[in-house]
Amino acid sequence: MISLQEYRSRREAETDMARLDLAVGRLDPLVRLRHGRLEPRLARELELIRGAVSAGSAHEAAERAERLADLLEHPATHARP
């Protein structure tokens, strides 16, 4: 017999990992463009993402990584004063 709850949980975990993988793929080049030291806010967010992954919370890590990638991809982030 197949448990629908178990199936849904497994499926959600796979979806969260796929989202996290895509977000990290977006973040990697954006972070590499910031040669040298990272701004404290960026370093803190990356640490929170790492912590969520370590804690087994792919959903939280994916949400944080997507938000951070969206922020870093925004044109205003690249503007120079």
# chains A, B, ... in the order shown; residues from 1 in each chain; ligands from 1
>>> residues_around(residues="stretch 62-79 of chain A", least_positions_apart="2", cutoff="9 Å", atoms="only C-alpha atoms", output="mmCIF file with C-alpha atoms, in the first residue's frame")
data_model
loop_
_atom_site.group_PDB
_atom_site.id
_atom_site.type_symbol
_atom_site.label_atom_id
_atom_site.label_comp_id
_atom_site.auth_asym_id
_atom_site.auth_seq_id
_atom_site.Cartn_x
_atom_site.Cartn_y
_atom_site.Cartn_z
ATOM 1 C CA ASP A 16 12.374 22.113 -2.751
ATOM 2 C CA MET A 17 15.762 20.620 -3.636
ATOM 3 C CA ALA A 18 15.208 21.401 -7.326
ATOM 4 C CA ARG A 19 14.239 24.999 -6.437
ATOM 5 C CA LEU A 20 17.312 25.298 -4.227
ATOM 6 C CA ASP A 21 19.555 23.947 -6.968
ATOM 7 C CA LEU A 22 18.211 26.488 -9.471
ATOM 8 C CA ALA A 23 18.528 29.373 -7.012
ATOM 9 C CA VAL A 24 22.096 28.443 -6.125
ATOM 10 C CA ARG A 26 21.630 31.844 -10.143
ATOM 11 C CA LEU A 27 23.468 32.992 -7.012
ATOM 12 C CA LEU A 30 26.267 36.870 -8.839
ATOM 13 C CA VAL A 31 28.363 36.246 -5.737
ATOM 14 C CA LEU A 42 25.167 39.230 1.780
ATOM 15 C CA GLU A 45 22.147 35.682 4.045
ATOM 16 C CA LEU A 46 24.515 33.101 2.557
ATOM 17 C CA LEU A 48 21.477 31.530 6.784
ATOM 18 C CA ILE A 49 21.001 29.572 3.549
ATOM 19 C CA ALA A 52 18.950 25.924 6.548
ATOM 20 C CA VAL A 53 20.535 23.333 4.262
ATOM 21 C CA SER A 57 15.204 22.647 5.629
ATOM 22 C CA ALA A 58 15.457 22.753 1.848
ATOM 23 C CA HIS A 59 12.215 24.717 1.669
ATOM 24 C CA GLU A 60 13.557 27.586 3.799
ATOM 25 C CA PRO A 81 26.353 56.316 -7.197
#
>>> atom_distance(atom1="atom CA of A:Ser54", atom2="atom CA of A:Ala13")
14.4 Å
>>> select_by_dssp(residues="stretch 6-80 of chain A", states="helix (DSSP H, G or I)", output="PyMOL selection string")
chain A and resi 6-32+40-54+58-73+75-78
>>> atom_distance(atom1="atom CA of A:Gly56", atom2="atom CA of A:Ile2")
24.2 Å
